[in-house]
Every structure is written in C-alpha cells, then in structure tokens.
file final-v7.cif (mmCIF, C-alpha atoms)
data_structure
#
loop_
_atom_site.label_atom_id
_atom_site.label_comp_id
_atom_site.auth_asym_id
_atom_site.auth_seq_id
_atom_site.Cartn_x
_atom_site.Cartn_y
_atom_site.Cartn_z
CA MET A 1 20.24 -5.76 -16.62
CA PRO A 2 16.56 -5.16 -17.46
CA ARG A 3 14.68 -2.86 -15.13
CA PRO A 4 12.31 -4.76 -12.80
CA LEU A 5 8.62 -4.87 -13.67
CA ILE A 6 6.53 -3.44 -10.82
CA GLY A 7 2.76 -3.90 -10.73
CA ILE A 8 0.64 -1.15 -9.18
CA THR A 9 -2.97 -1.78 -8.24
CA THR A 10 -5.72 0.33 -9.75
CA TYR A 11 -9.34 0.71 -8.72
CA VAL A 12 -12.64 1.31 -10.46
CA GLU A 13 -14.60 4.53 -10.12
CA GLN A 14 -18.11 3.92 -11.39
CA SER A 15 -18.63 7.43 -12.74
CA THR A 16 -15.54 9.26 -13.97
CA ARG A 17 -15.85 12.32 -16.18
CA TYR A 18 -13.10 13.23 -18.64
CA GLY A 19 -13.60 14.94 -21.98
CA VAL A 20 -17.00 13.88 -23.30
CA TRP A 21 -16.97 10.61 -21.35
CA ASP A 22 -18.69 9.71 -18.10
CA ILE A 23 -18.04 5.98 -17.68
CA PRO A 24 -16.56 3.47 -15.20
CA THR A 25 -12.79 3.84 -15.18
CA ALA A 26 -9.85 1.94 -13.65
CA LEU A 27 -7.35 4.47 -12.34
CA THR A 28 -4.53 5.24 -9.93
CA PRO A 29 -2.81 8.55 -9.09
CA THR A 30 0.14 9.34 -11.34
CA GLY A 31 2.49 9.71 -8.37
CA TYR A 32 2.68 5.93 -7.97
CA TYR A 33 4.04 5.10 -11.41
CA GLU A 34 6.19 8.23 -11.46
CA LEU A 35 7.85 7.14 -8.20
CA VAL A 36 8.45 3.63 -9.57
CA GLN A 37 10.01 5.10 -12.71
CA ALA A 38 12.12 7.60 -10.74
CA SER A 39 13.39 4.71 -8.59
CA GLY A 40 14.52 2.63 -11.55
CA GLY A 41 11.57 0.34 -12.24
CA ILE A 42 9.06 -0.15 -15.04
CA ALA A 43 5.50 0.45 -13.86
CA VAL A 44 2.56 -1.73 -14.92
CA LEU A 45 -0.98 -0.81 -13.87
CA LEU A 46 -3.10 -3.72 -12.66
CA PRO A 47 -6.87 -3.45 -13.09
CA PRO A 48 -9.13 -5.60 -10.88
CA ASP A 49 -9.49 -9.22 -11.93
CA GLU A 50 -10.82 -12.48 -10.56
CA PRO A 51 -8.96 -13.48 -7.38
CA GLU A 52 -7.98 -16.76 -9.04
CA ALA A 53 -5.84 -14.74 -11.47
CA ALA A 54 -3.64 -13.23 -8.74
CA ALA A 55 -0.96 -15.93 -8.74
CA GLU A 56 -0.65 -15.80 -12.55
CA VAL A 57 -0.35 -12.01 -12.47
CA LEU A 58 2.39 -12.18 -9.81
CA SER A 59 4.27 -14.76 -11.85
CA ARG A 60 4.83 -12.08 -14.53
CA LEU A 61 6.03 -9.38 -12.12
CA ASP A 62 9.19 -8.63 -10.15
CA GLY A 63 7.49 -6.54 -7.46
CA LEU A 64 4.09 -5.29 -6.34
CA VAL A 65 2.76 -1.98 -4.99
CA VAL A 66 -0.70 -2.07 -3.39
CA ALA A 67 -1.93 1.51 -3.58
CA GLY A 68 -3.87 3.64 -1.10
CA GLY A 69 -7.59 4.18 -1.16
CA PRO A 70 -10.84 3.79 0.80
CA ASP A 71 -11.49 1.85 3.99
CA MET A 72 -11.39 -1.93 4.03
CA ASP A 73 -14.65 -3.63 4.92
CA PRO A 74 -14.37 -4.61 8.61
CA VAL A 75 -16.00 -7.94 7.79
CA ARG A 76 -12.58 -8.85 6.35
CA TYR A 77 -11.10 -8.85 9.84
CA GLY A 78 -14.18 -9.92 11.79
CA ALA A 79 -15.14 -6.57 13.33
CA PRO A 80 -18.49 -4.74 13.54
CA ARG A 81 -18.71 -1.65 11.37
CA ASP A 82 -17.92 1.66 13.02
CA PRO A 83 -20.36 4.34 11.73
CA ARG A 84 -17.33 6.41 10.64
CA THR A 85 -16.04 3.62 8.37
CA GLY A 86 -16.64 4.24 4.68
CA PRO A 87 -18.79 2.08 2.40
CA ALA A 88 -17.53 -1.35 1.42
CA ALA A 89 -15.29 -1.61 -1.65
CA THR A 90 -15.94 -5.32 -2.14
CA LEU A 91 -14.35 -5.74 -5.57
CA ARG A 92 -11.21 -3.94 -4.49
CA ASP A 93 -10.93 -5.75 -1.15
CA THR A 94 -11.22 -9.13 -2.86
CA TRP A 95 -8.67 -8.41 -5.59
CA GLU A 96 -6.07 -6.66 -3.45
CA LEU A 97 -6.22 -9.26 -0.68
CA ALA A 98 -5.76 -11.95 -3.33
CA LEU A 99 -2.78 -10.12 -4.85
CA THR A 100 -1.23 -9.53 -1.43
CA SER A 101 -1.63 -13.19 -0.46
CA ALA A 102 -0.17 -14.31 -3.80
CA ALA A 103 2.81 -11.99 -3.34
CA LEU A 104 3.45 -13.36 0.14
CA ALA A 105 3.15 -16.96 -1.10
CA SER A 106 5.52 -16.40 -4.02
CA GLY A 107 8.06 -14.25 -2.20
CA THR A 108 7.41 -11.31 -4.53
CA PRO A 109 8.76 -8.04 -3.05
CA LEU A 110 5.75 -6.10 -1.79
CA LEU A 111 5.13 -2.49 -0.80
CA GLY A 112 1.74 -1.61 0.69
CA VAL A 113 0.85 2.09 0.75
CA CYS A 114 -1.75 3.35 3.26
CA ARG A 115 -4.75 1.09 2.49
CA GLY A 116 -2.16 -1.30 0.99
CA MET A 117 -0.42 -1.53 4.37
CA GLN A 118 -3.76 -2.25 6.01
CA ALA A 119 -4.49 -4.93 3.40
CA LEU A 120 -1.13 -6.55 4.19
CA ASN A 121 -1.99 -6.63 7.89
CA VAL A 122 -5.47 -8.03 7.26
CA ALA A 123 -4.17 -10.64 4.79
CA LEU A 124 -2.00 -12.00 7.59
CA GLY A 125 -4.84 -12.11 10.12
CA GLY A 126 -4.40 -8.69 11.72
CA THR A 127 -7.04 -6.12 12.58
CA LEU A 128 -7.55 -2.38 12.14
CA ILE A 129 -8.52 0.58 14.29
CA GLN A 130 -11.47 1.99 12.38
CA HIS A 131 -11.05 5.63 13.35
CA ILE A 132 -8.30 7.90 14.64
CA ASP A 133 -7.98 11.67 14.44
CA GLY A 134 -5.08 13.91 13.53
CA HIS A 135 -3.69 12.28 10.37
CA VAL A 136 -5.68 14.29 7.83
CA ALA A 137 -5.21 18.05 7.43
CA GLY A 138 -8.58 18.48 5.70
CA PRO A 139 -10.60 17.00 2.83
CA GLY A 140 -8.13 16.09 0.11
CA VAL A 141 -5.16 17.62 1.97
CA MET A 142 -2.18 15.64 3.24
CA SER A 143 -1.11 16.00 6.87
CA TRP A 144 2.68 16.06 7.27
CA HIS A 145 3.98 14.71 10.56
CA PRO A 146 7.11 13.01 11.93
CA VAL A 147 7.65 9.25 11.87
CA ARG A 148 10.16 7.56 14.15
CA PRO A 149 11.84 4.34 12.94
CA VAL A 150 12.21 1.32 15.22
CA PRO A 151 15.94 0.48 15.47
CA GLY A 152 17.00 -2.79 13.89
CA THR A 153 14.16 -2.98 11.36
CA ARG A 154 14.32 -2.99 7.56
CA TYR A 155 12.71 0.44 7.55
CA ALA A 156 15.25 1.88 9.99
CA ALA A 157 18.03 0.61 7.73
CA LEU A 158 16.51 2.65 4.89
CA VAL A 159 15.53 5.76 6.87
CA PRO A 160 17.47 5.78 10.15
CA GLU A 161 16.39 9.25 11.20
CA GLU A 162 13.02 10.71 12.20
CA SER A 163 11.43 12.11 9.07
CA GLU A 164 8.36 14.07 8.01
CA VAL A 165 5.92 12.11 5.85
CA PRO A 166 2.65 12.96 4.06
CA THR A 167 -0.35 11.09 5.49
CA TYR A 168 -4.05 10.92 4.75
CA HIS A 169 -5.86 8.28 6.77
CA HIS A 170 -8.33 7.80 9.60
CA GLN A 171 -7.74 4.07 10.09
CA ALA A 172 -4.63 2.33 11.37
CA VAL A 173 -3.15 -1.04 12.30
CA ASP A 174 -4.43 -2.51 15.56
CA ARG A 175 -3.41 -6.15 16.15
CA LEU A 176 -0.46 -7.09 13.95
CA GLY A 177 -0.84 -9.95 11.49
CA ARG A 178 1.21 -13.15 11.61
CA GLY A 179 4.94 -12.52 11.50
CA LEU A 180 4.63 -8.74 11.09
CA ILE A 181 6.42 -6.22 13.26
CA ALA A 182 5.93 -2.47 13.62
CA SER A 183 8.93 -0.63 12.17
CA SER A 184 7.95 3.02 12.77
CA HIS A 185 5.47 5.07 14.76
CA ALA A 186 3.97 8.54 14.72
CA THR A 187 4.49 10.65 17.84
CA ASP A 188 0.96 9.73 19.00
CA GLY A 189 1.92 6.04 18.91
CA THR A 190 0.12 5.18 15.66
CA VAL A 191 1.86 2.36 13.77
CA GLU A 192 3.21 4.01 10.63
CA SER A 193 4.99 1.07 9.00
CA ILE A 194 4.97 -2.71 9.29
CA GLU A 195 7.23 -5.36 7.80
CA LEU A 196 8.22 -8.99 7.68
CA PRO A 197 11.73 -9.08 9.15
CA ALA A 198 14.63 -10.81 7.42
CA PRO A 199 15.13 -13.50 6.29
CA SER A 200 11.55 -13.25 4.97
CA PRO A 201 11.17 -11.87 1.43
CA TRP A 202 11.14 -8.06 1.25
CA THR A 203 7.72 -6.97 2.54
CA LEU A 204 6.96 -3.48 3.85
CA GLY A 205 3.80 -1.47 4.46
CA VAL A 206 3.80 2.28 5.08
CA GLN A 207 0.81 4.21 6.35
CA TRP A 208 1.88 7.38 4.57
CA HIS A 209 2.00 8.29 0.88
CA PRO A 210 5.55 8.16 -0.54
CA GLU A 211 4.15 8.95 -3.99
CA GLN A 212 3.40 12.46 -2.64
CA ASP A 213 6.99 12.98 -1.49
CA LYS A 214 10.39 13.44 -3.14
CA ASP A 215 12.03 10.80 -0.91
CA THR A 216 12.63 7.69 -3.04
CA ARG A 217 14.33 5.53 -0.39
CA VAL A 218 11.40 3.22 0.32
CA MET A 219 10.53 2.68 -3.35
CA SER A 220 14.19 2.31 -4.30
CA ALA A 221 14.47 -0.49 -1.73
CA LEU A 222 11.53 -2.28 -3.36
CA ILE A 223 13.20 -1.89 -6.77
CA THR A 224 16.49 -3.27 -5.43
CA ALA A 225 14.72 -6.28 -3.90
CA ALA A 226 12.83 -6.85 -7.17
CA SER A 227 16.08 -6.59 -9.15
CA THR A 228 17.81 -9.26 -7.09
CA ARG A 229 14.89 -11.67 -6.95
CA THR A 230 15.34 -15.03 -8.65
CA PRO A 231 14.08 -14.54 -12.23
CA HIS A 232 10.66 -15.99 -13.00
CA PRO A 233 10.17 -18.24 -16.04
#
call {"tool": "encode", "arguments": {"input": "final-v7.cif", "output": "structure tokens"}}
result
Amino acid sequence: MPRPLIGITTYVEQSTRYGVWDIPTALTPTGYYELVQASGGIAVLLPPDEPEAAAEVLSRLDGLVVAGGPDMDPVRYGAPRDPRTGPAATLRDTWELALTSAALASGTPLLGVCRGMQALNVALGGTLIQHIDGHVAGPGVMSWHPVRPVPGTRYAALVPEESEVPTYHHQAVDRLGRGLIASSHATDGTVESIELPAPSPWTLGVQWHPEQDKDTRVMSALITAASTRTPHP
C-alpha cells in the first residue's frame, strides 16, 4: 500500500539569509517532515496560496499538518488586540484558515500543532486567550511540562498516561469552537489538546510541539487515519 501523502504548511519570512542570498523564503522546521517520515508518511511542503486553492490542494492529499508559528490576528475571532499579541500575519492566517476549513469540509485527517491548534479552534468559531505565562522557558527555548489526557477522548486512546511535552506558546484556547472538545490539560488548567470526537473524521490539535519530541504516537495516528481514508480520485 502506498504511504499516505501528508501536507505540511510553510510560511514566508520576508528576509532570510542563507549562503549569499537574502530573499523572501517559504520555510518550515525540519522536525515536521522528519516526524511525518518517521511515522510512515510522505511529507509535502505547502507554500501559501490563494484561499480559493485550498480545496484543490486538499483533494491531492491524504492528511494535513498545520504547523506552529506566530500569533493569529485577534480580528479573526472578533477580539480587541492585547498589547502582548504579536503583529498580524495576514497572509498566513488567510491561507491556513482556508486549508483548515477545506480539510474539515472534505473529511481530510488533520493535525494542528500549536498555532495550528489555535487555527482549528478559530476556524470553528472559537476564541483564544491572548496571553498566558509559564509555557515558554525563554526566548527560543521549549518548556517541558506534564499534560493530562481527558479519559474517553481520541487523545487519551493514543496517550493514556500523563506525559511530558515540549511547549512554546503564550496564547491558548479560550472558548471552544463548534463540535470541539478539550482532550488534555496542563496542570495549570490550560487546554493542551482539542479534537472532534468520533464519528467525526480524525481531527486533533495539540498545543505542544511533537516535532521536537521522540514520541511518534500522535503523528502515527494521523498517518493511520490518512492510510484508511477513502482514496481520492
């Protein structure tokens, strides 16, 4: 059986220096595609496109990973901007919300990572807490802390025990979007994963960064769901 094709979102940095070049670049950390490959999938990197292209892109894929990154613009969920919220990433918000909505509409297995989990919540009408403390160890340094699964959820079926996960975020889910449930929490009560429960298509968002860990259980579950999905034309 062919390995499932998993799309991973990328983002544009306007000034990226490598070698002799200093030009706009679409990129994503290597950990994302390495984790897809280690879990049995084929990784495809998805540069930003027009939102109208999202459904066509999803029609070629077996699964989707929406990667982590900067804050979502609070205008996307109808909130005033907290002064601690980062600058708007309009191109990225537009493209990733379109991809997320297309994945939900088509039943494409979806994993949202950090910002990707927040995009999933916002795409379904949820809101975000714009600032919390304690989930970043320092600039560019992951904070490892325990996450407790909610019994009976998809996530708890994958990881039934409390586990340490690498996090780097200062925003979090507030009001859950339509149909979503919280499936794990940090010890301070922060929602650390959300999902659409069965029988909905496989949809999970995690607030931490599995691409920075050796635990493949979450990504392997996405690959399994993508492998058993009805083949696209």
call {"tool": "closest_atom_pairs", "arguments": {"input": "final-v7.cif", "of": "segment 28-107 of chain A", "to": "segment 188-207 of chain A", "cutoff": "12 Å", "atoms": "only C-alpha atoms", "output": "CSV"}}
result
residue,atom,partner,partner_atom,distance
A:Asp62,CA,A:Trp202,CA,11.6
A:Gly63,CA,A:Trp202,CA,9.6
A:Leu64,CA,A:Thr203,CA,9.7
A:Val65,CA,A:Gly205,CA,9.5
A:Val66,CA,A:Gly205,CA,9.1
A:Ala67,CA,A:Gly205,CA,10.3
A:Gly68,CA,A:Gln207,CA,8.8
A:Gly69,CA,A:Gln207,CA,11.3
A:Thr100,CA,A:Thr203,CA,10.1
A:Ser101,CA,A:Thr203,CA,11.6
A:Ala103,CA,A:Thr203,CA,9.2
A:Leu104,CA,A:Pro201,CA,8.0
A:Ala105,CA,A:Pro201,CA,9.8
A:Ser106,CA,A:Pro201,CA,9.1
A:Gly107,CA,A:Pro201,CA,5.3
call {"tool": "closest_residue", "arguments": {"input": "final-v7.cif", "among": "A:His185, A:Trp95, A:Pro48, A:Met1", "to": "Tyr155 of chain A", "atoms": "only C-alpha atoms"}}
result
A:His185
call {"tool": "resolve_selection", "arguments": {"input": "final-v7.cif", "expression": "the PyMOL selection byres ((chain A and resi 134) around 9)", "output": "MDAnalysis selection string"}}
result
chainID A and resid 132:133 135:137 143 169:170
call {"tool": "axis_aligned_box", "arguments": {"input": "final-v7.cif", "around": "segment 184-194 of chain A", "padding_each_side": "4 Å", "output": "lines of an AutoDock Vina configuration file"}}
result
center_x = 4.0
center_y = 4.0
center_z = 14.0
size_x = 15.8
size_y = 21.4
size_z = 18.0
call {"tool": "residues_near_point", "arguments": {"input": "final-v7.cif", "point": "(-16.0, 8.4, 14.4)", "cutoff": "12 Å", "atoms": "all atoms listed in the file", "output": "VMD selection string"}}
result
chain A and resid 81 to 86 129 to 133 170 to 171
call {"tool": "atom_distance", "arguments": {"input": "final-v7.cif", "atom1": "atom CA of Gly177 of chain A", "atom2": "atom CA of Thr108 of chain A"}}
result
18.1 Å
call {"tool": "closest_residue", "arguments": {"input": "final-v7.cif", "among": "A:Pro70, A:Pro166, A:Gly78, A:Gly31", "to": "Val122 of chain A", "atoms": "all atoms listed in the file"}}
result
A:Gly78
call {"tool": "atom_distance", "arguments": {"input": "final-v7.cif", "atom1": "atom CA of Leu110 of chain A", "atom2": "atom CA of Pro146 of chain A"}}
result
23.6 Å
call {"tool": "build_atoms", "arguments": {"input": "final-v7.cif", "residues": "segment 116-127 of chain A", "atoms": "all heavy atoms", "output": "PDB file, keeping the file's coordinate frame"}}
result
ATOM      1  N   GLY A 116      -2.948  -0.115   1.333  1.00  0.00           N
ATOM      2  CA  GLY A 116      -2.160  -1.300   0.990  1.00  0.00           C
ATOM      3  C   GLY A 116      -1.460  -1.887   2.199  1.00  0.00           C
ATOM      4  O   GLY A 116      -1.306  -3.107   2.311  1.00  0.00           O
ATOM      5  N   MET A 117      -0.996  -1.038   3.121  1.00  0.00           N
ATOM      6  CA  MET A 117      -0.420  -1.530   4.370  1.00  0.00           C
ATOM      7  C   MET A 117      -1.483  -2.224   5.204  1.00  0.00           C
ATOM      8  O   MET A 117      -1.245  -3.289   5.800  1.00  0.00           O
ATOM      9  CB  MET A 117       0.200  -0.376   5.146  1.00  0.00           C
ATOM     10  CG  MET A 117       0.553  -0.706   6.584  1.00  0.00           C
ATOM     11  SD  MET A 117       1.431   0.628   7.409  1.00  0.00           S
ATOM     12  CE  MET A 117       0.701   0.529   9.045  1.00  0.00           C
ATOM     13  N   GLN A 118      -2.677  -1.641   5.254  1.00  0.00           N
ATOM     14  CA  GLN A 118      -3.760  -2.250   6.010  1.00  0.00           C
ATOM     15  C   GLN A 118      -4.178  -3.579   5.398  1.00  0.00           C
ATOM     16  O   GLN A 118      -4.464  -4.548   6.121  1.00  0.00           O
ATOM     17  CB  GLN A 118      -4.931  -1.265   6.077  1.00  0.00           C
ATOM     18  CG  GLN A 118      -4.579   0.006   6.850  1.00  0.00           C
ATOM     19  CD  GLN A 118      -5.577   1.130   6.684  1.00  0.00           C
ATOM     20  OE1 GLN A 118      -6.638   0.949   6.074  1.00  0.00           O
ATOM     21  NE2 GLN A 118      -5.254   2.291   7.210  1.00  0.00           N
ATOM     22  N   ALA A 119      -4.187  -3.662   4.070  1.00  0.00           N
ATOM     23  CA  ALA A 119      -4.490  -4.930   3.400  1.00  0.00           C
ATOM     24  C   ALA A 119      -3.463  -5.994   3.749  1.00  0.00           C
ATOM     25  O   ALA A 119      -3.803  -7.169   3.952  1.00  0.00           O
ATOM     26  CB  ALA A 119      -4.561  -4.723   1.883  1.00  0.00           C
ATOM     27  N   LEU A 120      -2.186  -5.612   3.799  1.00  0.00           N
ATOM     28  CA  LEU A 120      -1.130  -6.550   4.190  1.00  0.00           C
ATOM     29  C   LEU A 120      -1.395  -7.078   5.593  1.00  0.00           C
ATOM     30  O   LEU A 120      -1.305  -8.297   5.841  1.00  0.00           O
ATOM     31  CB  LEU A 120       0.227  -5.838   4.130  1.00  0.00           C
ATOM     32  CG  LEU A 120       1.418  -6.576   4.743  1.00  0.00           C
ATOM     33  CD1 LEU A 120       1.674  -7.905   4.048  1.00  0.00           C
ATOM     34  CD2 LEU A 120       2.661  -5.686   4.696  1.00  0.00           C
ATOM     35  N   ASN A 121      -1.734  -6.194   6.517  1.00  0.00           N
ATOM     36  CA  ASN A 121      -1.990  -6.630   7.890  1.00  0.00           C
ATOM     37  C   ASN A 121      -3.191  -7.569   7.955  1.00  0.00           C
ATOM     38  O   ASN A 121      -3.146  -8.611   8.613  1.00  0.00           O
ATOM     39  CB  ASN A 121      -2.220  -5.410   8.776  1.00  0.00           C
ATOM     40  CG  ASN A 121      -2.150  -5.748  10.247  1.00  0.00           C
ATOM     41  OD1 ASN A 121      -1.171  -6.320  10.725  1.00  0.00           O
ATOM     42  ND2 ASN A 121      -3.186  -5.404  10.994  1.00  0.00           N
ATOM     43  N   VAL A 122      -4.266  -7.218   7.247  1.00  0.00           N
ATOM     44  CA  VAL A 122      -5.470  -8.030   7.260  1.00  0.00           C
ATOM     45  C   VAL A 122      -5.227  -9.380   6.580  1.00  0.00           C
ATOM     46  O   VAL A 122      -5.706 -10.425   7.041  1.00  0.00           O
ATOM     47  CB  VAL A 122      -6.640  -7.277   6.613  1.00  0.00           C
ATOM     48  CG1 VAL A 122      -7.853  -8.186   6.393  1.00  0.00           C
ATOM     49  CG2 VAL A 122      -7.033  -6.082   7.477  1.00  0.00           C
ATOM     50  N   ALA A 123      -4.463  -9.388   5.489  1.00  0.00           N
ATOM     51  CA  ALA A 123      -4.170 -10.640   4.790  1.00  0.00           C
ATOM     52  C   ALA A 123      -3.456 -11.640   5.687  1.00  0.00           C
ATOM     53  O   ALA A 123      -3.585 -12.858   5.500  1.00  0.00           O
ATOM     54  CB  ALA A 123      -3.329 -10.358   3.545  1.00  0.00           C
ATOM     55  N   LEU A 124      -2.725 -11.137   6.667  1.00  0.00           N
ATOM     56  CA  LEU A 124      -2.000 -12.000   7.590  1.00  0.00           C
ATOM     57  C   LEU A 124      -2.724 -12.157   8.932  1.00  0.00           C
ATOM     58  O   LEU A 124      -2.121 -12.559   9.924  1.00  0.00           O
ATOM     59  CB  LEU A 124      -0.581 -11.468   7.802  1.00  0.00           C
ATOM     60  CG  LEU A 124       0.341 -11.676   6.587  1.00  0.00           C
ATOM     61  CD1 LEU A 124       1.650 -10.926   6.761  1.00  0.00           C
ATOM     62  CD2 LEU A 124       0.603 -13.166   6.358  1.00  0.00           C
ATOM     63  N   GLY A 125      -4.021 -11.855   8.938  1.00  0.00           N
ATOM     64  CA  GLY A 125      -4.840 -12.110  10.120  1.00  0.00           C
ATOM     65  C   GLY A 125      -4.893 -10.996  11.126  1.00  0.00           C
ATOM     66  O   GLY A 125      -5.431 -11.187  12.231  1.00  0.00           O
ATOM     67  N   GLY A 126      -4.364  -9.821  10.800  1.00  0.00           N
ATOM     68  CA  GLY A 126      -4.400  -8.690  11.720  1.00  0.00           C
ATOM     69  C   GLY A 126      -5.706  -7.934  11.652  1.00  0.00           C
ATOM     70  O   GLY A 126      -6.591  -8.229  10.843  1.00  0.00           O
ATOM     71  N   THR A 127      -5.828  -6.925  12.510  1.00  0.00           N
ATOM     72  CA  THR A 127      -7.040  -6.120  12.580  1.00  0.00           C
ATOM     73  C   THR A 127      -6.691  -4.642  12.463  1.00  0.00           C
ATOM     74  O   THR A 127      -5.523  -4.258  12.512  1.00  0.00           O
ATOM     75  CB  THR A 127      -7.793  -6.361  13.910  1.00  0.00           C
ATOM     76  OG1 THR A 127      -6.950  -5.973  15.006  1.00  0.00           O
ATOM     77  CG2 THR A 127      -8.187  -7.820  14.060  1.00  0.00           C
TER      78      THR A 127
END
